[in-house]
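See below for protein-v1.txt, which holds compact mmCIF, C-alpha atoms.
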```
# COMPACT_ATOMS: atom_id res chain seq x y z
CA MET V 18 -7.56 11.09 -64.94
CA ARG V 19 -5.48 10.13 -61.96
CA GLN V 20 -5.21 6.43 -61.13
CA GLU V 21 -4.32 6.15 -57.46
CA HIS V 22 -5.79 3.10 -55.81
CA LYS V 23 -5.53 -0.22 -57.61
CA THR V 24 -5.84 -2.75 -54.84
CA ASN V 25 -8.93 -4.69 -53.85
CA PRO V 26 -11.63 -1.98 -54.18
CA LEU V 27 -13.14 -2.45 -50.76
CA GLN V 28 -9.91 -3.32 -48.98
CA SER V 29 -9.70 0.05 -47.27
CA MET V 30 -13.11 -0.51 -45.73
CA LEU V 31 -12.53 -4.14 -44.83
CA GLN V 32 -9.07 -3.82 -43.29
CA GLN V 33 -10.59 -2.72 -39.99
CA VAL V 34 -12.62 -5.90 -39.46
CA ASP V 35 -12.35 -7.04 -35.86
CA SER V 36 -10.17 -10.14 -35.85
CA GLN V 37 -11.99 -11.35 -32.76
CA THR V 38 -15.30 -11.39 -34.64
CA PRO V 39 -14.54 -12.68 -38.15
CA LEU V 40 -17.77 -11.86 -39.94
CA ALA V 41 -17.70 -12.29 -43.72
CA VAL V 42 -20.61 -11.27 -45.89
CA SER V 43 -21.18 -11.91 -49.58
CA VAL V 44 -24.02 -11.61 -52.09
CA HIS V 45 -25.02 -14.44 -54.40
CA ALA V 46 -27.55 -14.56 -57.23
CA ILE V 47 -29.88 -17.49 -56.63
CA PRO V 48 -32.47 -19.17 -58.85
CA SER V 49 -35.47 -18.11 -56.80
CA GLY V 50 -34.65 -14.50 -57.52
CA THR V 51 -33.25 -13.44 -54.17
CA ALA V 52 -29.83 -12.26 -53.05
CA ALA V 53 -28.33 -13.81 -49.91
CA PHE V 54 -25.72 -12.28 -47.64
CA SER V 55 -23.83 -15.31 -46.27
CA ALA V 56 -21.56 -15.08 -43.27
CA ALA V 57 -18.79 -17.28 -41.95
CA LEU V 58 -20.76 -17.37 -38.72
CA GLN V 59 -23.48 -19.30 -40.56
CA VAL V 60 -25.83 -16.31 -40.41
CA SER V 61 -27.40 -15.04 -43.61
CA ILE V 62 -29.66 -12.20 -44.62
CA THR V 63 -31.87 -12.74 -47.65
CA LEU V 64 -32.99 -9.73 -49.63
CA GLY V 65 -36.20 -10.33 -51.55
CA LYS V 66 -36.67 -9.51 -55.23
CA PRO V 67 -38.83 -6.52 -56.12
CA VAL V 68 -42.58 -7.01 -56.32
CA LEU V 69 -43.54 -5.22 -59.51
CA HIS V 70 -47.27 -5.17 -58.90
CA LEU V 71 -49.47 -3.83 -56.17
CA GLN V 72 -50.55 -7.17 -54.74
CA ALA V 73 -48.44 -9.20 -52.36
CA ALA V 74 -46.44 -11.90 -54.08
CA SER V 75 -46.66 -15.43 -52.72
CA LYS V 76 -43.38 -17.05 -51.72
CA PRO V 77 -42.37 -20.66 -51.27
CA PRO V 78 -41.40 -21.85 -47.81
CA GLU V 79 -37.94 -20.73 -46.73
CA SER V 80 -36.63 -24.28 -46.74
CA SER V 81 -37.64 -24.79 -50.38
CA ARG V 82 -35.75 -21.77 -51.75
CA PRO V 83 -32.56 -22.93 -53.52
CA ILE V 84 -29.39 -21.04 -52.57
CA ALA V 85 -26.33 -20.83 -54.78
CA GLN V 86 -23.09 -21.71 -53.04
CA GLU V 87 -20.25 -19.19 -53.05
CA GLY V 88 -18.23 -19.40 -56.22
CA GLN V 89 -21.09 -21.01 -58.16
CA SER V 90 -23.36 -19.23 -60.61
CA ALA V 91 -27.09 -19.58 -60.40
CA PRO V 92 -28.92 -20.63 -63.59
CA SER V 93 -29.53 -17.56 -65.75
CA GLN V 94 -33.11 -16.42 -66.16
CA PRO V 95 -34.87 -13.12 -66.84
CA ALA V 96 -34.20 -11.05 -63.74
CA ILE V 97 -37.00 -8.51 -63.76
CA ASP V 98 -40.42 -8.06 -65.26
CA THR V 99 -39.59 -5.70 -68.10
CA ALA V 100 -43.06 -4.14 -68.40
CA PRO V 101 -42.51 -1.22 -65.98
CA PHE V 102 -39.21 -0.17 -67.59
CA HIS V 103 -39.59 2.83 -69.89
CA LEU V 104 -36.50 3.56 -71.96
CA ASP V 105 -38.08 6.68 -73.43
CA SER V 106 -38.42 8.19 -69.93
CA LEU V 107 -34.62 8.36 -69.76
CA THR V 108 -34.30 10.34 -72.98
CA LYS V 109 -36.19 13.36 -71.63
CA SER V 110 -34.61 16.32 -69.89
CA ALA V 111 -37.31 16.41 -67.19
CA PHE V 112 -37.09 13.84 -64.41
CA THR V 113 -40.31 11.85 -63.89
CA TRP V 114 -41.55 9.00 -61.72
CA LYS V 115 -41.31 6.69 -64.74
CA ALA V 116 -37.63 7.59 -65.01
CA ALA V 117 -37.20 6.95 -61.28
CA LEU V 118 -38.86 3.54 -61.63
CA SER V 119 -36.74 2.63 -64.64
CA LEU V 120 -33.53 3.49 -62.79
CA ALA V 121 -34.61 1.62 -59.66
CA LEU V 122 -35.20 -1.45 -61.85
CA ALA V 123 -31.80 -0.95 -63.49
CA SER V 124 -30.24 -0.81 -60.01
CA LYS V 125 -31.94 -4.10 -59.18
CA LEU V 126 -30.83 -5.69 -62.42
CA ALA V 127 -27.21 -4.89 -61.58
CA TYR V 128 -27.34 -7.60 -58.87
CA GLU V 129 -27.97 -10.28 -61.50
CA SER V 130 -25.60 -12.38 -63.60
CA ASP V 131 -23.93 -11.24 -66.81
CA GLN V 132 -26.23 -13.36 -68.96
CA SER V 133 -29.38 -12.30 -67.13
CA VAL V 134 -28.45 -8.61 -67.42
CA LYS V 135 -27.91 -8.90 -71.15
CA SER V 136 -31.06 -10.91 -71.78
CA THR V 137 -33.07 -8.26 -69.95
CA CYS V 138 -31.48 -5.27 -71.69
CA LEU V 139 -31.63 -6.57 -75.25
CA GLY V 140 -32.29 -9.44 -77.55
CA SER V 141 -36.06 -10.04 -77.40
CA ALA V 142 -39.42 -8.37 -77.85
CA ARG V 143 -39.72 -8.02 -74.08
CA SER V 144 -36.25 -6.60 -73.57
CA TRP V 145 -35.63 -3.08 -72.36
CA GLY V 146 -34.74 -1.97 -75.87
CA PHE V 147 -31.03 -1.23 -75.66
CA ASP V 148 -28.76 -1.78 -78.65
CA SER V 149 -25.81 -3.09 -76.66
CA CYS V 150 -25.02 -4.13 -73.11
CA GLU V 151 -21.74 -4.95 -71.37
CA PHE V 152 -21.32 -6.40 -67.89
CA ILE V 153 -18.13 -5.31 -66.10
CA ASP V 154 -16.72 -7.22 -63.13
CA VAL V 155 -13.37 -6.30 -61.58
CA ASP V 156 -12.46 -7.46 -58.08
CA ASP V 157 -15.42 -6.46 -55.87
CA THR V 158 -16.88 -3.87 -58.26
CA GLN V 159 -19.58 -4.73 -60.79
CA CYS V 160 -21.77 -2.69 -63.11
CA PHE V 161 -23.37 -2.89 -66.51
CA VAL V 162 -23.28 -0.39 -69.36
CA ALA V 163 -26.29 -0.32 -71.68
CA LEU V 164 -26.36 1.85 -74.81
CA SER V 165 -29.14 3.15 -77.01
CA PRO V 166 -28.83 5.80 -79.75
CA GLU V 167 -29.67 8.48 -77.19
CA ILE V 168 -28.44 7.34 -73.77
CA ALA V 169 -25.58 5.56 -72.05
CA LEU V 170 -26.79 3.93 -68.83
CA VAL V 171 -24.34 2.80 -66.15
CA SER V 172 -25.85 0.85 -63.25
CA PHE V 173 -23.60 -0.13 -60.34
CA ARG V 174 -24.18 -3.16 -58.14
CA GLY V 175 -24.16 -3.02 -54.36
CA THR V 176 -21.47 -4.95 -52.52
CA GLU V 177 -20.70 -8.62 -52.95
CA SER V 178 -17.52 -8.29 -50.94
CA ARG V 179 -16.69 -10.87 -48.27
CA GLY V 180 -16.69 -8.34 -45.48
CA ASP V 181 -19.09 -6.59 -43.14
CA TRP V 182 -19.05 -3.27 -45.01
CA LEU V 183 -21.63 -1.54 -42.83
CA ARG V 184 -19.57 -2.32 -39.79
CA ASN V 185 -16.29 -1.13 -41.34
CA ILE V 186 -17.35 1.73 -43.60
CA ASN V 187 -15.81 4.51 -41.50
CA VAL V 188 -12.46 5.07 -43.24
CA PRO V 189 -10.49 8.25 -44.02
CA GLY V 190 -11.24 10.30 -47.10
CA ARG V 191 -8.97 11.22 -49.99
CA THR V 192 -8.56 14.77 -51.27
CA ARG V 193 -9.57 15.28 -54.90
CA ASP V 194 -10.04 18.38 -57.06
CA TYR V 195 -13.73 18.43 -56.19
CA GLY V 196 -13.38 17.84 -52.43
CA VAL V 197 -12.75 14.87 -50.16
CA ALA V 198 -14.00 11.47 -51.37
CA HIS V 199 -14.44 8.32 -49.29
CA ARG V 200 -11.29 6.26 -49.85
CA GLY V 201 -13.07 2.90 -50.18
CA PHE V 202 -15.69 4.10 -52.67
CA LEU V 203 -13.10 5.99 -54.71
CA GLY V 204 -10.84 2.94 -54.88
CA ALA V 205 -13.74 0.69 -55.89
CA PHE V 206 -14.53 3.00 -58.78
CA GLN V 207 -10.92 3.39 -59.91
CA VAL V 208 -10.33 -0.33 -60.40
CA ILE V 209 -13.17 -0.43 -62.92
CA GLU V 210 -12.56 2.92 -64.58
CA SER V 211 -10.51 1.75 -67.55
CA GLN V 212 -13.18 -0.82 -68.47
CA LEU V 213 -15.83 1.88 -68.22
CA ARG V 214 -13.86 4.16 -70.53
CA SER V 215 -13.63 1.35 -73.06
CA ALA V 216 -17.33 0.49 -72.81
CA LEU V 217 -18.33 4.14 -73.20
CA SER V 218 -15.89 5.03 -75.97
CA GLY V 219 -17.76 6.53 -78.88
CA SER V 220 -20.64 7.59 -76.63
CA THR V 221 -20.15 11.31 -77.19
CA GLY V 222 -23.53 12.92 -77.68
CA ARG V 223 -25.42 10.37 -75.60
CA ARG V 224 -26.96 11.28 -72.25
CA LEU V 225 -24.86 9.63 -69.52
CA ILE V 226 -27.16 8.29 -66.80
CA LEU V 227 -25.82 6.83 -63.55
CA THR V 228 -27.66 4.79 -60.95
CA GLY V 229 -27.18 2.27 -58.16
CA HIS V 230 -28.50 0.99 -54.84
CA SER V 231 -26.59 1.10 -51.55
CA LEU V 232 -22.84 0.93 -52.33
CA GLY V 233 -23.80 1.03 -56.00
CA GLY V 234 -25.26 4.49 -55.41
CA ALA V 235 -22.00 5.58 -53.79
CA LEU V 236 -20.08 4.43 -56.87
CA ALA V 237 -22.45 6.32 -59.17
CA THR V 238 -21.80 9.45 -57.11
CA VAL V 239 -18.04 9.02 -57.33
CA MET V 240 -18.24 8.54 -61.10
CA ALA V 241 -20.27 11.73 -61.49
CA ALA V 242 -17.54 13.65 -59.66
CA GLU V 243 -14.54 11.93 -61.27
CA TRP V 244 -15.88 12.23 -64.82
CA HIS V 245 -17.37 15.71 -64.65
CA ASP V 246 -14.67 17.25 -66.87
CA PHE V 247 -14.45 14.21 -69.13
CA MET V 248 -18.05 13.05 -69.56
CA PRO V 249 -20.51 14.80 -67.20
CA ALA V 250 -23.66 12.94 -66.23
CA SER V 251 -27.03 14.15 -67.45
CA LEU V 252 -28.92 12.32 -64.71
CA ILE V 253 -28.01 10.52 -61.48
CA ALA V 254 -30.48 8.61 -59.31
CA THR V 255 -29.43 6.60 -56.25
CA PHE V 256 -31.36 4.49 -53.77
CA GLY V 257 -30.37 4.03 -50.12
CA GLN V 258 -26.78 5.12 -50.66
CA PRO V 259 -24.22 5.93 -47.94
CA ALA V 260 -22.62 9.37 -47.94
CA VAL V 261 -19.53 9.79 -50.12
CA GLY V 262 -17.79 13.13 -49.64
CA SER V 263 -16.91 16.06 -47.41
CA GLY V 264 -15.30 19.47 -47.63
CA ALA V 265 -15.90 21.11 -51.02
CA PHE V 266 -17.63 17.93 -52.27
CA ARG V 267 -21.11 19.16 -51.43
CA MET V 268 -20.66 22.57 -53.07
CA PHE V 269 -19.20 20.93 -56.19
CA PHE V 270 -22.38 18.89 -56.67
CA LEU V 271 -24.62 21.83 -55.89
CA GLN V 272 -22.90 23.88 -58.58
CA ASN V 273 -22.70 21.14 -61.22
CA TYR V 274 -25.52 18.67 -60.58
CA ALA V 275 -28.22 20.53 -58.63
CA GLU V 276 -30.93 19.72 -61.18
CA LYS V 277 -29.55 16.34 -62.23
CA PHE V 278 -29.00 14.33 -59.02
CA PHE V 279 -31.88 12.62 -57.19
CA ARG V 280 -31.22 10.69 -53.99
CA PHE V 281 -33.98 8.39 -52.73
CA VAL V 282 -34.22 7.36 -49.09
CA ASN V 283 -36.85 4.98 -47.72
CA ASP V 284 -38.21 5.87 -44.28
CA ASP V 285 -35.65 4.93 -41.57
CA ASP V 286 -33.08 3.23 -43.81
CA ILE V 287 -29.88 3.21 -41.73
CA VAL V 288 -27.41 3.13 -44.63
CA PRO V 289 -27.87 6.79 -45.71
CA ARG V 290 -26.86 7.80 -42.16
CA VAL V 291 -23.32 6.44 -42.45
CA PRO V 292 -20.40 6.96 -42.43
CA PRO V 293 -19.88 9.67 -39.80
CA GLY V 294 -18.05 12.76 -41.01
CA TYR V 295 -19.38 12.59 -44.59
CA GLU V 296 -22.18 14.56 -46.25
CA HIS V 297 -24.82 13.76 -48.83
CA VAL V 298 -25.39 15.49 -52.14
CA GLY V 299 -28.31 15.54 -54.54
CA ARG V 300 -32.01 16.36 -54.42
CA LEU V 301 -33.46 14.30 -51.55
CA LEU V 302 -36.71 12.39 -52.01
CA HIS V 303 -37.46 10.78 -48.65
CA PHE V 304 -40.33 8.29 -48.47
CA ASP V 305 -42.25 7.86 -45.26
CA SER V 306 -43.78 4.60 -44.08
CA GLN V 307 -47.05 5.28 -45.91
CA HIS V 308 -45.65 5.71 -49.45
CA GLY V 309 -45.69 9.49 -49.18
CA LEU V 310 -42.78 11.93 -49.15
CA LYS V 311 -41.58 13.50 -45.92
CA ASN V 312 -41.46 17.21 -45.12
CA GLY V 313 -43.76 18.20 -47.95
CA GLN V 314 -41.27 17.07 -50.60
CA SER V 315 -42.75 16.38 -53.97
CA LEU V 316 -42.08 15.53 -57.56
CA PRO V 317 -44.76 16.24 -60.14
CA PRO V 318 -46.88 13.47 -61.64
CA ALA V 319 -45.28 11.43 -64.39
CA GLU V 320 -44.46 13.26 -67.62
CA ARG V 321 -44.70 16.75 -66.06
CA VAL V 322 -41.85 19.20 -65.83
CA LEU V 323 -39.72 19.02 -62.68
CA VAL V 324 -40.74 21.41 -59.93
CA GLU V 325 -39.08 24.79 -60.37
CA SER V 326 -38.14 24.92 -56.70
CA VAL V 327 -35.18 22.65 -57.38
CA ARG V 328 -33.46 25.52 -59.19
CA ASN V 329 -31.02 27.33 -56.92
CA GLU V 330 -32.30 25.39 -53.91
CA SER V 331 -29.78 24.27 -51.32
CA ILE V 332 -29.46 20.50 -51.13
CA GLU V 333 -31.54 18.91 -48.39
CA ARG V 334 -29.58 16.79 -45.95
CA GLY V 335 -32.39 14.58 -44.64
CA LEU V 336 -31.87 12.54 -41.49
CA PRO V 337 -28.73 13.44 -39.52
CA MET V 338 -25.66 11.29 -39.98
CA LEU V 339 -24.74 9.00 -37.12
CA THR V 340 -22.27 10.48 -34.66
CA GLU V 341 -19.02 8.65 -33.96
CA ALA V 342 -20.49 7.34 -30.69
CA GLU V 343 -23.67 6.16 -32.43
CA TYR V 344 -21.65 4.54 -35.18
CA GLN V 345 -19.44 2.72 -32.66
CA ALA V 346 -22.59 1.49 -30.93
CA LEU V 347 -23.88 0.22 -34.28
CA GLN V 348 -20.59 -1.59 -34.90
CA SER V 349 -20.83 -3.29 -31.54
CA ARG V 350 -24.49 -4.12 -32.06
CA ILE V 351 -23.86 -5.78 -35.39
CA GLY V 352 -20.83 -7.67 -34.11
CA GLN V 353 -22.49 -8.99 -30.97
CA ASP V 354 -26.15 -9.49 -31.84
CA VAL V 355 -25.61 -11.44 -35.05
CA VAL V 356 -23.65 -14.04 -33.12
CA ASN V 357 -26.65 -14.56 -30.85
CA VAL V 358 -29.06 -15.34 -33.69
CA ASN V 359 -28.53 -18.92 -34.79
CA ARG V 360 -30.90 -18.93 -37.75
CA PRO V 361 -31.35 -17.26 -41.15
CA LEU V 362 -32.65 -13.71 -41.20
CA THR V 363 -34.95 -12.75 -44.05
CA GLU V 364 -35.54 -9.14 -44.98
CA SER V 365 -38.80 -9.96 -46.74
CA SER V 366 -40.37 -11.19 -43.50
CA ILE V 367 -39.20 -8.91 -40.70
CA GLU V 368 -39.93 -9.92 -37.13
CA PRO V 369 -39.29 -7.73 -34.07
CA GLN V 370 -36.32 -9.75 -32.88
CA THR V 371 -34.63 -9.63 -36.30
CA GLU V 372 -35.32 -5.97 -37.01
CA GLY V 373 -33.31 -5.01 -33.95
CA ILE V 374 -30.14 -6.66 -35.20
CA PHE V 375 -29.61 -4.43 -38.22
CA PRO V 376 -31.62 -1.26 -37.52
CA SER V 377 -34.16 -0.56 -40.27
CA VAL V 378 -32.74 -3.35 -42.45
CA SER V 379 -36.15 -3.77 -44.06
CA ASP V 380 -36.22 -0.11 -45.09
CA HIS V 381 -32.96 -0.61 -46.98
CA SER V 382 -34.49 -3.23 -49.27
CA LEU V 383 -34.53 -2.08 -52.88
CA ASP V 384 -37.85 -3.89 -53.16
CA LYS V 385 -39.36 -1.31 -50.82
CA TYR V 386 -37.99 1.53 -52.92
CA ILE V 387 -39.34 0.00 -56.13
CA ALA V 388 -42.79 -0.64 -54.66
CA LYS V 389 -43.17 2.97 -53.50
CA ILE V 390 -41.85 4.47 -56.72
CA LEU V 391 -44.12 2.18 -58.73
CA LEU V 392 -47.17 3.61 -56.96
CA LYS V 393 -46.07 7.14 -57.89
CA ALA V 394 -45.36 6.16 -61.50
CA ARG V 395 -48.88 4.74 -61.86
CA THR V 396 -50.69 7.88 -60.69
```
Let me see the file written as structure tokens.
Amino acid sequence: MRQEHKTNPLQSMLQQVDSQTPLAVSVHAIPSGTAAFSAALQVSITLGKPVLHLQAASKPPESSRPIAQEGQSAPSQPAIDTAPFHLDSLTKSAFTWKAALSLALASKLAYESDQSVKSTCLGSARSWGFDSCEFIDVDDTQCFVALSPEIALVSFRGTESRGDWLRNINVPGRTRDYGVAHRGFLGAFQVIESQLRSALSGSTGRRLILTGHSLGGALATVMAAEWHDFMPASLIATFGQPAVGSGAFRMFFLQNYAEKFFRFVNDDDIVPRVPPGYEHVGRLLHFDSQHGLKNGQSLPPAERVLVESVRNESIERGLPMLTEAEYQALQSRIGQDVVNVNRPLTESSIEPQTEGIFPSVSDHSLDKYIAKILLKART
């Protein structure tokens, strides 16, 4: 395996930050169970934890929610209600809504601390039932590897980098054997690759399952491509991921992962429409605003065999990618409008004036993905 990019994993994306608008964003685990994007401009976006039931969860007033300072760890506590996670759903060859829910929860868990991840995956009667779990953290790339006798699960975390990644995601690609890969995502994966090889040593015979939300989904996609000849994935599921490749990249996935890759998009989520010039791969499952699937797309009820139409079907592209002009407008919008909002922005309580700042920011919430998948898994 070629090792080509060993610098800060998101450096290639962050190097284009406008020096006139120094916006720095980071993610912190906090005791109340939320993740906060904190900016040097004193603007923050708080992403709510998933609601794992069908009734609205009550929340304390904004002012009463404790926030961990950068560089400090929040007290460890169980991250996610373990009841909806079904380890046995990941051992089956057919993809079901229970498997989708389990991987969405694993993607959410990846945002938590080392101790919280391990306490959720193993060690108690209410754990997810894995035999071992390792949290990997190198530079700006984090994931956890959880092993059972039958599966090896790798769940990648979305960004915690101090940089406005959405604003600076449009960087050149890098040519690989399988096509052109986004330079920033490829570099972020490569800095963690040796630790992944160590964590997965001796896993021959297990089903390799990859998942992640947002940038975590992009890293899962890169791993599927990079490791195809070494340890091909049996299942990939991503949630709200940006596009990763171009050129032969799309055909490579169609030929090797057509029945194994499932890409979830929630309504008008803006992140799957960037960066310009890149294409998506995988079987698209695109939720509308009413918990249904757009364009007649469907997966069968839980525990049924996957629809046969996925076989030999060309990969659906979904919403068009932003053009260069649209992307430049988005860059300007983020850079200018955030400065004008002198108060915290919360994704869990979207108001008209805040929704306009980051288009469809509420649709990008992993909570929204989990809530809609949960409804499908319960039918």
- [ ] Determine the nearest neighbour of Gln345 of chain V from the options V:Lys393, V:Lys109, V:Arg184, V:Lys125, counting all atoms listed in the file.
- [x] V:Arg184
- [ ] Would you please work out which residue, of V:Met338, V:Ile253, V:Ala169, V:Ala142, is nearest to Phe112 of chain V when using all atoms listed in the file?
- [x] V:Ile253
TODO: Would you list the contacts of segment 287-302 of chain V as an MDAnalysis selection string, taking every protein, DNA or RNA residue within 8 Å and counting all atoms listed in the file, but skipping same-chain residues closer than 6 positions in sequence?
DONE: chainID V and resid 183 186:187 231 257:263 267 270:271 274:281 310:311 314:315 327 332:341 344 376:378 380:381
Task: For Phe173 of chain V, the nearest of the candidates V:Gln272, V:Thr228, V:Ser136, V:Ser349, counting only C-alpha atoms - done: V:Thr228
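Atom to atom, atom CA of Gln207 of chain V and atom CA of Met248 of chain V stand 15.4 Å apart.
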Task: Residues within 10 Å of (-23.1, -4.2, -75.5), file coords, all atoms listed in the file, listed as a ChimeraX atom specification - done: /V:135,138-139,147-152,161-165,216-217
- [ ] Can you work out the spacing between atom CA of Leu104 of chain V and atom CA of Val155 of chain V in Å, to one decimal?
- [x]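 Separation of atom CA of Leu104 of chain V and atom CA of Val155 of chain V: 27.2 Å.
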Task: Two-atom distance - atom CA of Ser124 of chain V, atom CA of Ser382 of chain V (Å) - done: 11.8 Å
Task: Cut-off 10 Å around (-25.5, 3.8, -57.4) with all atoms listed in the file: residues as a PyMOL selection string - done: chain V and resi 120-121+123-124+127+160+171-175+227-240+253-259+280
Restrict the calculation to all atoms listed in the file, then for each residue of segment 146-191 of chain V with any atom at most 9 Å from an atom of segment 195-205 of chain V give the closest atom pair and their distance in Å to one decimal, rows by chain and rising residue number, as a tab-separated table.
```
residue	atom	partner	partner_atom	distance
V:Asp156	CA	V:Ala205	CA	8.5
V:Asp157	CA	V:Ala205	CA	7.3
V:Thr158	CA	V:Ala205	CA	6.0
V:Ile186	CA	V:Gly201	CA	7.9
V:Asn187	CA	V:His199	CA	8.8
V:Val188	CA	V:Arg200	CA	6.8
V:Pro189	CA	V:Arg200	CA	6.2
V:Gly190	CA	V:His199	CA	4.4
V:Arg191	CA	V:Ala198	CA	5.2
```
Task: Among listed residues V:Val282, V:Gly219, V:Ser133, V:Asp194, nearest Gly264 of chain V (using all atoms listed in the file) - done: V:Asp194
Open item on the list: Measuring between all atoms listed in the file, which one of V:His308, V:Arg224, V:Arg193, V:Arg214 shows the shortest distance to Phe266 of chain V?
Closed with: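 Going through V:His308, V:Arg224, V:Arg193, V:Arg214 one by one, the smallest distance to Phe266 of chain V is for V:Arg193.
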